[in-house]
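With CSV, C-alpha atoms inside, this is query.csv:
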chain,number,residue,atom,x,y,z
A,149,MET,CA,16.4,-25.1,-16.7
A,150,THR,CA,13.8,-27.1,-18.5
A,151,ASN,CA,12.8,-29.9,-16.1
A,152,SER,CA,9.9,-29.5,-13.7
A,153,HIS,CA,12.1,-29.0,-10.6
A,154,GLY,CA,14.2,-26.4,-12.4
A,155,ARG,CA,11.1,-24.5,-13.5
A,156,ARG,CA,9.7,-24.5,-9.9
A,157,VAL,CA,13.0,-23.1,-8.6
A,158,HIS,CA,12.9,-20.4,-11.3
A,159,VAL,CA,9.3,-19.5,-10.5
A,160,TRP,CA,10.1,-19.1,-6.8
A,161,LEU,CA,13.4,-17.2,-7.4
A,162,ARG,CA,12.0,-14.0,-8.7
A,163,PRO,CA,9.6,-13.3,-5.8
A,164,ILE,CA,12.4,-14.0,-3.3
A,165,ALA,CA,14.8,-11.7,-5.2
A,166,VAL,CA,12.1,-9.0,-5.2
A,167,TRP,CA,11.4,-9.5,-1.5
A,168,VAL,CA,15.1,-9.1,-0.7
A,169,ALA,CA,15.2,-5.9,-2.8
A,170,LEU,CA,12.1,-4.6,-1.1
A,171,VAL,CA,13.4,-5.3,2.4
A,172,LEU,CA,16.8,-3.7,1.7
A,173,LEU,CA,15.0,-0.6,0.2
A,174,GLY,CA,12.8,-0.4,3.3
A,175,LEU,CA,15.9,-0.6,5.6
A,176,ALA,CA,17.6,2.1,3.5
A,177,SER,CA,14.6,4.3,3.8
A,178,LEU,CA,14.5,3.8,7.6
A,179,GLY,CA,18.2,4.4,8.0
A,180,SER,CA,18.3,7.5,5.8
A,181,ALA,CA,15.5,9.1,7.8
A,182,TYR,CA,18.0,9.5,10.7
A,183,LEU,CA,20.6,11.3,8.5
A,184,PRO,CA,20.6,15.1,8.8
A,185,LEU,CA,19.6,15.7,5.2
A,186,ASN,CA,17.0,18.4,6.0
A,187,ALA,CA,14.4,18.6,3.1
A,188,PHE,CA,16.1,15.8,1.2
A,189,ASN,CA,15.1,13.2,3.9
A,190,THR,CA,11.5,13.3,2.6
A,191,SER,CA,12.5,13.4,-1.1
A,192,LEU,CA,14.8,10.4,-0.6
A,193,ASN,CA,12.2,8.4,1.5
A,194,LEU,CA,9.5,9.0,-1.2
A,195,ALA,CA,11.9,8.1,-4.0
A,196,ILE,CA,12.7,4.8,-2.2
A,197,ALA,CA,9.0,4.2,-1.6
A,198,GLY,CA,8.3,4.9,-5.3
A,199,THR,CA,11.0,2.4,-6.3
A,200,MET,CA,9.5,-0.2,-4.0
A,201,VAL,CA,6.0,0.3,-5.5
A,202,ILE,CA,7.4,0.0,-9.0
A,203,LEU,CA,9.1,-3.3,-8.1
A,204,LEU,CA,5.9,-4.6,-6.4
A,205,TRP,CA,3.6,-3.6,-9.3
A,206,LEU,CA,6.0,-4.9,-12.1
A,207,PHE,CA,7.1,-8.2,-10.6
A,208,LEU,CA,4.7,-9.3,-7.8
A,209,MET,CA,1.5,-7.9,-9.4
A,210,ASP,CA,3.0,-9.0,-12.7
A,211,LEU,CA,2.4,-5.9,-14.7
A,212,VAL,CA,5.5,-6.8,-16.6
A,213,GLY,CA,3.8,-9.9,-18.0
A,214,SER,CA,0.3,-8.5,-18.3
A,215,GLU,CA,-1.8,-7.6,-21.3
A,216,ALA,CA,-1.4,-4.0,-22.7
A,217,LEU,CA,-5.0,-3.2,-21.6
A,218,VAL,CA,-4.1,-4.0,-18.0
A,219,ARG,CA,-1.0,-1.9,-18.1
A,220,LEU,CA,-3.0,1.0,-19.6
A,221,ILE,CA,-5.5,0.9,-16.8
A,222,ALA,CA,-2.7,0.9,-14.2
A,223,VAL,CA,-1.1,3.9,-15.9
A,224,ALA,CA,-4.4,5.7,-16.3
A,225,GLY,CA,-5.0,5.5,-12.5
A,226,LEU,CA,-1.7,7.1,-11.9
A,227,LEU,CA,-2.3,9.7,-14.6
A,228,TRP,CA,-5.5,10.9,-13.1
A,229,LEU,CA,-3.8,10.9,-9.7
A,230,SER,CA,-1.2,13.2,-11.1
A,231,PHE,CA,-3.9,15.5,-12.5
A,232,MET,CA,-5.5,15.7,-9.1
A,233,PHE,CA,-2.2,16.6,-7.4
A,234,ALA,CA,-1.2,19.1,-10.1
A,235,LEU,CA,-4.4,21.0,-10.1
A,236,THR,CA,-4.9,21.1,-6.3
A,237,LEU,CA,-1.3,22.0,-5.4
A,238,SER,CA,-1.2,24.7,-8.1
A,239,ASP,CA,-4.1,26.3,-6.3
A,240,TYR,CA,-2.9,26.0,-2.7
A,241,PHE,CA,0.7,26.9,-3.3
A,242,SER,CA,-0.1,30.0,-5.4
A,243,ARG,CA,-2.4,31.6,-2.7
A,244,ALA,CA,-1.0,34.8,-1.2
A,245,CYS,CA,-1.4,35.5,2.5
A,246,GLU,CA,-2.8,39.0,1.9
A,247,GLY,CA,-6.6,38.7,1.5
A,248,PRO,CA,-8.9,41.4,-0.1
A,249,GLY,CA,-10.1,42.5,3.4
A,250,ASP,CA,-8.7,42.5,6.9
A,251,VAL,CA,-9.0,38.7,7.2
A,252,PRO,CA,-6.4,36.7,5.2
A,253,PRO,CA,-7.4,33.4,3.5
A,254,ALA,CA,-7.6,30.4,5.9
A,255,THR,CA,-4.7,28.7,4.2
A,256,CYS,CA,-2.0,30.4,2.2
A,257,VAL,CA,1.7,30.1,1.5
A,258,ASN,CA,3.8,33.1,2.5
A,259,GLN,CA,5.6,34.2,-0.7
A,260,LYS,CA,8.7,35.3,1.1
A,261,THR,CA,9.3,32.4,3.5
A,262,ASN,CA,7.4,29.8,1.5
A,263,ARG,CA,5.8,28.7,4.8
A,264,GLY,CA,2.2,28.3,5.6
A,265,ALA,CA,0.3,30.6,7.9
A,266,PHE,CA,-3.2,31.2,9.2
B,1173,MET,CA,-13.7,-33.6,-16.5
B,1174,SER,CA,-10.5,-31.7,-15.8
B,1175,ASP,CA,-10.2,-28.7,-13.4
B,1176,ALA,CA,-9.4,-26.5,-16.4
B,1177,VAL,CA,-12.9,-27.1,-17.8
B,1178,THR,CA,-14.7,-26.5,-14.6
B,1179,ALA,CA,-12.7,-23.3,-13.9
B,1180,LEU,CA,-14.0,-21.9,-17.2
B,1181,ARG,CA,-17.1,-19.7,-16.9
B,1182,GLU,CA,-19.4,-18.0,-19.4
B,1183,PRO,CA,-18.7,-16.0,-21.6
B,1184,TRP,CA,-15.0,-16.8,-21.8
B,1185,PRO,CA,-13.7,-19.0,-24.6
B,1186,ASP,CA,-10.7,-20.2,-22.6
B,1187,LEU,CA,-9.0,-19.8,-19.3
B,1188,ASP,CA,-6.4,-17.3,-20.4
B,1189,ARG,CA,-9.1,-14.9,-21.6
B,1190,GLN,CA,-10.9,-15.4,-18.4
B,1191,ARG,CA,-7.8,-14.5,-16.4
B,1192,GLU,CA,-7.4,-11.4,-18.6
B,1193,GLY,CA,-11.0,-10.4,-17.7
B,1194,VAL,CA,-10.3,-10.9,-14.0
B,1195,SER,CA,-7.1,-8.8,-14.4
B,1196,VAL,CA,-8.9,-6.0,-16.2
B,1197,GLY,CA,-11.7,-5.9,-13.6
B,1198,ILE,CA,-9.5,-5.8,-10.5
B,1199,TRP,CA,-7.1,-3.2,-12.0
B,1200,LEU,CA,-10.1,-1.0,-12.8
B,1201,PHE,CA,-11.1,-1.3,-9.1
B,1202,ILE,CA,-7.5,-0.6,-8.1
B,1203,ALA,CA,-7.3,2.5,-10.3
B,1204,SER,CA,-10.3,3.9,-8.4
B,1205,GLU,CA,-8.7,3.0,-5.1
B,1206,VAL,CA,-5.5,4.8,-6.2
B,1207,LEU,CA,-7.6,8.0,-6.5
B,1208,PHE,CA,-9.4,7.3,-3.2
B,1209,PHE,CA,-6.1,7.0,-1.2
B,1210,GLY,CA,-4.6,9.7,-3.4
B,1211,ALA,CA,-7.1,12.2,-2.1
B,1212,LEU,CA,-5.8,11.4,1.5
B,1213,PHE,CA,-2.2,11.7,0.4
B,1214,LEU,CA,-3.0,15.0,-1.3
B,1215,GLY,CA,-4.6,16.4,1.8
B,1216,TYR,CA,-1.6,15.3,3.8
B,1217,THR,CA,0.8,16.9,1.3
B,1218,VAL,CA,-1.1,20.3,1.4
B,1219,TYR,CA,-1.1,20.5,5.2
B,1220,ARG,CA,2.5,19.2,5.6
B,1221,THR,CA,3.7,21.9,3.2
B,1222,LEU,CA,1.7,24.6,5.1
B,1223,TYR,CA,2.9,23.4,8.5
B,1224,PRO,CA,6.2,21.6,8.1
B,1225,GLU,CA,7.4,22.2,11.7
B,1226,ALA,CA,4.2,21.0,13.3
B,1227,PHE,CA,4.3,17.8,11.1
B,1228,ARG,CA,7.9,17.3,12.1
B,1229,ILE,CA,7.1,17.5,15.8
B,1230,ALA,CA,4.0,15.3,15.5
B,1231,GLY,CA,5.6,12.8,13.2
B,1232,ALA,CA,8.4,12.1,15.7
B,1233,GLN,CA,5.8,10.7,18.1
B,1234,THR,CA,4.8,7.8,15.9
B,1235,ASP,CA,6.3,4.4,16.8
B,1236,VAL,CA,8.7,3.5,14.0
B,1237,PHE,CA,9.1,0.0,15.5
B,1238,TYR,CA,5.5,-1.0,14.9
B,1239,GLY,CA,5.5,0.7,11.5
B,1240,GLY,CA,8.7,-1.1,10.4
B,1241,VAL,CA,7.6,-4.5,11.6
B,1242,ASN,CA,4.3,-4.1,9.9
B,1243,LEU,CA,6.1,-3.1,6.7
B,1244,LEU,CA,8.1,-6.3,6.9
B,1245,LEU,CA,5.0,-8.4,7.6
B,1246,LEU,CA,3.2,-7.0,4.5
B,1247,LEU,CA,6.1,-7.3,2.2
B,1248,THR,CA,6.5,-10.9,3.2
B,1249,SER,CA,2.8,-11.5,2.8
B,1250,SER,CA,3.0,-10.2,-0.7
B,1251,VAL,CA,5.6,-12.8,-1.5
B,1252,THR,CA,3.7,-15.7,0.0
B,1253,MET,CA,0.7,-14.5,-2.0
B,1254,THR,CA,2.8,-14.5,-5.2
B,1255,PHE,CA,3.9,-18.1,-4.4
B,1256,GLY,CA,0.3,-19.0,-4.0
B,1257,VAL,CA,-0.6,-17.6,-7.5
B,1258,ASP,CA,2.3,-19.5,-9.1
B,1259,ALA,CA,1.3,-22.7,-7.3
B,1260,SER,CA,-2.3,-22.2,-8.3
B,1261,ARG,CA,-1.3,-21.9,-12.0
B,1262,GLN,CA,0.7,-25.1,-11.6
B,1263,GLU,CA,-2.3,-26.8,-10.0
B,1264,ARG,CA,-0.3,-27.5,-6.8
B,1265,ARG,CA,-3.3,-27.6,-4.5
B,1266,ARG,CA,-1.5,-28.1,-1.1
B,1267,THR,CA,1.1,-25.3,-1.8
B,1268,THR,CA,-1.6,-22.9,-2.9
B,1269,LEU,CA,-3.6,-23.5,0.3
B,1270,VAL,CA,-0.5,-23.2,2.5
B,1271,CYS,CA,0.5,-20.0,0.8
B,1272,LEU,CA,-3.0,-18.5,1.3
B,1273,GLY,CA,-2.9,-19.6,4.9
B,1274,LEU,CA,0.5,-17.9,5.5
B,1275,THR,CA,-0.7,-14.7,3.8
B,1276,MET,CA,-3.8,-14.6,6.1
B,1277,LEU,CA,-1.6,-15.2,9.2
B,1278,LEU,CA,0.8,-12.4,8.2
B,1279,GLY,CA,-2.1,-10.1,7.5
B,1280,THR,CA,-3.7,-11.0,10.9
B,1281,ALA,CA,-0.3,-10.4,12.6
B,1282,PHE,CA,-0.2,-6.9,11.0
B,1283,LEU,CA,-3.7,-6.1,12.5
B,1284,ILE,CA,-2.7,-7.4,15.9
B,1285,PHE,CA,0.5,-5.2,15.9
B,1286,LYS,CA,-1.6,-2.3,14.7
B,1287,GLY,CA,-3.9,-2.8,17.7
B,1288,PHE,CA,-1.0,-2.7,20.1
B,1289,GLU,CA,0.2,0.5,18.4
B,1290,TYR,CA,-3.2,2.1,18.6
B,1291,SER,CA,-3.4,1.2,22.2
B,1292,ALA,CA,0.0,2.8,22.9
B,1293,ASP,CA,-1.0,5.9,20.9
B,1294,ILE,CA,-4.2,6.3,22.9
B,1295,ALA,CA,-2.4,5.9,26.2
B,1296,LYS,CA,-0.1,8.8,25.2
B,1297,GLY,CA,-3.2,10.9,24.4
B,1298,LEU,CA,-2.3,11.2,20.7
B,1299,PHE,CA,-5.9,11.6,19.5
B,1300,PRO,CA,-6.9,15.1,18.2
B,1301,GLY,CA,-9.1,16.9,20.7
B,1302,ALA,CA,-9.3,19.3,23.6
B,1303,HIS,CA,-6.4,17.7,25.7
B,1304,PHE,CA,-4.0,16.9,22.8
B,1305,PRO,CA,-0.5,16.9,24.4
B,1306,LEU,CA,1.5,18.4,21.5
B,1307,GLN,CA,2.1,22.0,20.4
B,1308,PRO,CA,1.5,23.9,18.1
B,1309,PRO,CA,-2.2,23.1,17.4
B,1310,GLN,CA,-1.4,22.0,13.8
B,1311,THR,CA,0.2,18.9,15.2
B,1312,GLN,CA,-3.3,17.6,15.5
B,1313,LEU,CA,-3.7,17.7,11.7
B,1314,PHE,CA,-0.9,15.2,11.4
B,1315,TRP,CA,-2.5,12.9,13.9
B,1316,ALA,CA,-5.9,13.3,12.3
B,1317,PHE,CA,-4.3,12.1,9.0
B,1318,TYR,CA,-2.5,9.3,10.9
B,1319,TRP,CA,-5.7,7.9,12.4
B,1320,VAL,CA,-7.8,8.3,9.2
B,1321,MET,CA,-5.2,6.9,6.8
B,1322,THR,CA,-4.1,3.9,9.0
B,1323,ALA,CA,-7.7,3.1,9.9
B,1324,VAL,CA,-8.8,3.1,6.3
B,1325,HIS,CA,-5.8,1.0,5.4
B,1326,ALA,CA,-6.6,-1.4,8.3
B,1327,VAL,CA,-10.2,-1.8,7.1
B,1328,HIS,CA,-8.8,-2.6,3.6
B,1329,LEU,CA,-6.4,-5.2,5.1
B,1330,ALA,CA,-9.2,-6.7,7.3
B,1331,VAL,CA,-11.3,-7.1,4.2
B,1332,GLY,CA,-8.3,-8.7,2.4
B,1333,VAL,CA,-7.8,-11.2,5.2
B,1334,GLY,CA,-11.5,-12.1,5.0
B,1335,VAL,CA,-11.4,-12.4,1.2
B,1336,VAL,CA,-8.3,-14.6,1.3
B,1337,GLY,CA,-9.9,-16.7,4.0
B,1338,VAL,CA,-13.1,-17.2,2.2
B,1339,PHE,CA,-11.3,-18.0,-1.1
B,1340,ALA,CA,-9.0,-20.5,0.6
B,1341,LEU,CA,-12.1,-22.2,2.1
B,1342,ILE,CA,-13.8,-22.3,-1.3
B,1343,LEU,CA,-10.6,-23.9,-2.8
B,1344,TRP,CA,-10.2,-26.3,0.2
B,1345,ARG,CA,-13.8,-27.5,-0.2
B,1346,ARG,CA,-13.3,-27.8,-3.9
B,1347,LEU,CA,-16.1,-25.5,-4.8
B,1348,LEU,CA,-13.7,-24.0,-7.3
B,1349,PRO,CA,-10.7,-25.7,-9.0
B,1350,ILE,CA,-7.3,-24.8,-7.7
B,1351,GLU,CA,-6.3,-22.9,-10.8
B,1352,SER,CA,-9.3,-20.6,-10.6
B,1353,PRO,CA,-8.6,-17.2,-12.2
B,1354,GLY,CA,-10.2,-15.6,-9.1
B,1355,MET,CA,-6.9,-16.2,-7.3
B,1356,LEU,CA,-5.4,-13.5,-9.5
B,1357,GLY,CA,-8.0,-11.0,-8.4
B,1358,VAL,CA,-7.5,-11.8,-4.7
B,1359,ALA,CA,-3.7,-11.6,-5.1
B,1360,THR,CA,-3.8,-8.2,-6.9
B,1361,TYR,CA,-6.0,-6.7,-4.3
B,1362,TRP,CA,-3.7,-7.9,-1.6
B,1363,HIS,CA,-0.6,-6.5,-3.3
B,1364,PHE,CA,-2.4,-3.1,-3.6
B,1365,VAL,CA,-3.0,-3.0,0.2
B,1366,ASP,CA,0.7,-3.7,0.6
B,1367,THR,CA,1.4,-0.8,-1.8
B,1368,VAL,CA,-0.6,1.6,0.3
B,1369,TRP,CA,1.5,0.7,3.4
B,1370,ILE,CA,4.7,1.2,1.5
B,1371,ILE,CA,3.6,4.8,0.8
B,1372,LEU,CA,2.2,5.4,4.4
B,1373,PHE,CA,5.4,4.2,6.1
B,1374,PRO,CA,7.6,7.2,5.1
B,1375,LEU,CA,4.7,9.7,5.4
B,1376,LEU,CA,3.8,8.7,8.9
B,1377,TYR,CA,6.8,7.0,10.5
B,1378,LEU,CA,9.9,8.6,9.1
B,1379,VAL,CA,8.9,12.2,9.6
B,1380,GLY,CA,11.0,14.2,12.1
B,1381,ARG,CA,13.6,11.5,12.7
B,1382,SER,CA,16.8,13.4,11.8

Full structure transcribed into C-alpha cells:
Amino acid sequence: MTNSHGRRVHVWLRPIAVWVALVLLGLASLGSAYLPLNAFNTSLNLAIAGTMVILLWLFLMDLVGSEALVRLIAVAGLLWLSFMFALTLSDYFSRACEGPGDVPPATCVNQKTNRGAF
Amino acid sequence: MSDAVTALREPWPDLDRQREGVSVGIWLFIASEVLFFGALFLGYTVYRTLYPEAFRIAGAQTDVFYGGVNLLLLLTSSVTMTFGVDASRQERRRTTLVCLGLTMLLGTAFLIFKGFEYSADIAKGLFPGAHFPLQPPQTQLFWAFYWVMTAVHAVHLAVGVGVVGVFALILWRRLLPIESPGMLGVATYWHFVDTVWIILFPLLYLVGRS
C-alpha cells in the first residue's frame, strides 16, 4: 500500500495486532492459573508474562526499529537484573538449615525437602 | 517556519538525531527502573521459595477481577499511546491529542479501580499487622509485597498520568510542535509502567488459584 490512506491503515494495524495478541496471552495466563498443574502453573504464567513483555518492548516500545545503542541499553538493564538474581539466589538457596550454634540461620532452605524454614 | 524547525533543539543537527537522543535518555532511565523493580521481584522470589504454602494461601485472597480488568486497561492504554506516537510523527494534531487523552483516561480508570480494590482489601483486614486474618504468619510477607509493589506501581502510573496530561496541554497550547520528540520519551515511560503490571499480574493475582 503506497497511498496515504493505505499507510495509515498499515501503521494502525500492527499495534492492534499486538493488542489482540497481548489480550489473548493475558486470558491464557488467567485460564491456565486454574488448571491443576502444580509447580508448572507459576512457570507457565511467568513464561506468558515474559512473552507479553517481549511483544510490548519490541513492537509498542519499538525496540525492533530502534538504534543499536538503544537496544544495547535495554539488554544491559536486563543483564544486570540477571546478575542480581543469580548472585542473590545462589546465596539464599545454598544456605543450610543447620547453623554453627544452637540457633539456625533466619532463612534457609531445607536440603532434603527443598522447603524454607525458620 | 515549519513545525520541524521549531521542534529541533540544540545541540541536535536534525530531528532524527534528537529523537535518538530522547530514546537513549529514556531507556537509560528505564534500565535503572528495571533494577529498582527487579529488587522487589527478587525479594518476592526469595520469600515465595522459602514459604510456598503461605504464599499460595495468601495469594488466593487477592481479587483477580480487579487485577485482570486493570491489566486490560493498561494494555489498551499502551495501544492508544502507540497510536498517539504514530499520529505525532505524521503531524496529525487532533489524533495525537485524542490518543493522549484516551491514554490518560485509561490510566485514571486503572487508579480508580485500584482504589476500589485497596478499599476491599482493607475491609477484609488484609494489611500486615497484629490482627492479620490469615495463617501461617508468613502470609503477611506476601501481603507486604502486595502493598509495596502495587503502591510503587500506582505512584509510577499516577506520575505517568500527570506527565501525559502536562505534555498534552503543552501540545494543545502549541508550546511545542505536535511532532516533538518528547512524545517518544513520554510513550516509552508509559509502556514501561504497563510492563511492570504485566509482571505483577501473575505474581500477585494468579497465585494459589488451582

Met200 in chain A surroundings by all atoms listed in the file, 12 Å radius, close-in-sequence under 2 positions cut, as a PDB file with C-alpha atoms, keeping the file's coordinate frame:
ATOM      1  CA  VAL A 166      12.100  -9.000  -5.200  1.00  0.00           C
ATOM      2  CA  TRP A 167      11.400  -9.500  -1.500  1.00  0.00           C
ATOM      3  CA  VAL A 168      15.100  -9.100  -0.700  1.00  0.00           C
ATOM      4  CA  ALA A 169      15.200  -5.900  -2.800  1.00  0.00           C
ATOM      5  CA  LEU A 170      12.100  -4.600  -1.100  1.00  0.00           C
ATOM      6  CA  VAL A 171      13.400  -5.300   2.400  1.00  0.00           C
ATOM      7  CA  LEU A 172      16.800  -3.700   1.700  1.00  0.00           C
ATOM      8  CA  LEU A 173      15.000  -0.600   0.200  1.00  0.00           C
ATOM      9  CA  GLY A 174      12.800  -0.400   3.300  1.00  0.00           C
ATOM     10  CA  LEU A 175      15.900  -0.600   5.600  1.00  0.00           C
ATOM     11  CA  ALA A 176      17.600   2.100   3.500  1.00  0.00           C
ATOM     12  CA  SER A 177      14.600   4.300   3.800  1.00  0.00           C
ATOM     13  CA  ASN A 193      12.200   8.400   1.500  1.00  0.00           C
ATOM     14  CA  LEU A 194       9.500   9.000  -1.200  1.00  0.00           C
ATOM     15  CA  ALA A 195      11.900   8.100  -4.000  1.00  0.00           C
ATOM     16  CA  ILE A 196      12.700   4.800  -2.200  1.00  0.00           C
ATOM     17  CA  ALA A 197       9.000   4.200  -1.600  1.00  0.00           C
ATOM     18  CA  GLY A 198       8.300   4.900  -5.300  1.00  0.00           C
ATOM     19  CA  ILE A 202       7.400   0.000  -9.000  1.00  0.00           C
ATOM     20  CA  LEU A 203       9.100  -3.300  -8.100  1.00  0.00           C
ATOM     21  CA  LEU A 204       5.900  -4.600  -6.400  1.00  0.00           C
ATOM     22  CA  TRP A 205       3.600  -3.600  -9.300  1.00  0.00           C
ATOM     23  CA  LEU A 206       6.000  -4.900 -12.100  1.00  0.00           C
ATOM     24  CA  PHE A 207       7.100  -8.200 -10.600  1.00  0.00           C
ATOM     25  CA  LEU A 208       4.700  -9.300  -7.800  1.00  0.00           C
TER      26      LEU A 208
ATOM     27  CA  LEU B1243       6.100  -3.100   6.700  1.00  0.00           C
ATOM     28  CA  LEU B1247       6.100  -7.300   2.200  1.00  0.00           C
ATOM     29  CA  HIS B1363      -0.600  -6.500  -3.300  1.00  0.00           C
ATOM     30  CA  ASP B1366       0.700  -3.700   0.600  1.00  0.00           C
ATOM     31  CA  THR B1367       1.400  -0.800  -1.800  1.00  0.00           C
ATOM     32  CA  VAL B1368      -0.600   1.600   0.300  1.00  0.00           C
ATOM     33  CA  TRP B1369       1.500   0.700   3.400  1.00  0.00           C
ATOM     34  CA  ILE B1370       4.700   1.200   1.500  1.00  0.00           C
ATOM     35  CA  ILE B1371       3.600   4.800   0.800  1.00  0.00           C
ATOM     36  CA  PHE B1373       5.400   4.200   6.100  1.00  0.00           C
ATOM     37  CA  PRO B1374       7.600   7.200   5.100  1.00  0.00           C
TER      38      PRO B1374
END

Report summary line: Using all atoms listed in the file, the shortest atom-to-atom distance to chain A among B:Leu1283, B:Val1358, B:Ile1350, B:Ala1323 belongs to B:Val1358

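When only C-alpha atoms are used to compute distances to chain B, the closest of the residues A:Leu227, A:Val201, A:Ala216, A:Leu161 turns out to be A:Val201.
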
Query raised in the report: What gap, in Å, lies between CA of Thr1275 in chain B and CA of Ser1250 in chain B?
Result: 7.4 Å

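Minimum atom-to-atom distances from B:Ala1326, B:Ile1198, B:Ala1316, B:Leu1214 to chain A were compared using all atoms listed in the file, and the lowest value belongs to B:Leu1214.
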
Requested in this report: Write out as number ranges by chain each polymer residue whose atoms come within 10 Å of Ile1202 in chain B, counting only C-alpha atoms; drop sequence neighbours fewer than 6 positions from it.
Outcome: A: 221-222, 225; B: 1196, 1208, 1360-1361, 1364-1365

Excluding Met1276 in chain B and its own-chain neighbours fewer than 6 positions away, which residues fall within 12 Å of it when counting all atoms listed in the file? Please give them as a CSV table (one decimal) with C-alpha atoms, in the frame of the given file.
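Once written, selection-v3.csv looks like this:
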chain,number,residue,atom,x,y,z
B,1245,LEU,CA,5.0,-8.4,7.6
B,1246,LEU,CA,3.2,-7.0,4.5
B,1248,THR,CA,6.5,-10.9,3.2
B,1249,SER,CA,2.8,-11.5,2.8
B,1250,SER,CA,3.0,-10.2,-0.7
B,1252,THR,CA,3.7,-15.7,0.0
B,1253,MET,CA,0.7,-14.5,-2.0
B,1256,GLY,CA,0.3,-19.0,-4.0
B,1269,LEU,CA,-3.6,-23.5,0.3
B,1270,VAL,CA,-0.5,-23.2,2.5
B,1282,PHE,CA,-0.2,-6.9,11.0
B,1283,LEU,CA,-3.7,-6.1,12.5
B,1329,LEU,CA,-6.4,-5.2,5.1
B,1330,ALA,CA,-9.2,-6.7,7.3
B,1331,VAL,CA,-11.3,-7.1,4.2
B,1332,GLY,CA,-8.3,-8.7,2.4
B,1333,VAL,CA,-7.8,-11.2,5.2
B,1334,GLY,CA,-11.5,-12.1,5.0
B,1335,VAL,CA,-11.4,-12.4,1.2
B,1336,VAL,CA,-8.3,-14.6,1.3
B,1337,GLY,CA,-9.9,-16.7,4.0
B,1338,VAL,CA,-13.1,-17.2,2.2
B,1339,PHE,CA,-11.3,-18.0,-1.1
B,1340,ALA,CA,-9.0,-20.5,0.6
B,1341,LEU,CA,-12.1,-22.2,2.1
B,1358,VAL,CA,-7.5,-11.8,-4.7
B,1359,ALA,CA,-3.7,-11.6,-5.1
B,1362,TRP,CA,-3.7,-7.9,-1.6

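Going from CA of Tyr1238 in chain B to CA of Gly1273 in chain B covers 22.7 Å.
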
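Here CA of Leu178 in chain A is placed at a distance of 8.8 Å from CA of Tyr1377 in chain B.
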
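In terms of minimum interatomic distance to Pro163 in chain A, B:Asp1258 ranks closest within B:Asp1258, B:Ala1211, B:Gly1287, B:Leu1187, counting only C-alpha atoms.
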
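For the choices B:Thr1254, B:Ala1230, B:Gly1193, B:Leu1272, the atom-to-atom distance to chain A is smallest for B:Thr1254 when using all atoms listed in the file.
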
Report task. Choose the residue, out of B:Arg1345, B:His1303, B:His1328, B:Arg1264, that has the smallest atom-to-atom separation from chain A; count all atoms listed in the file. Result -> B:Arg1264
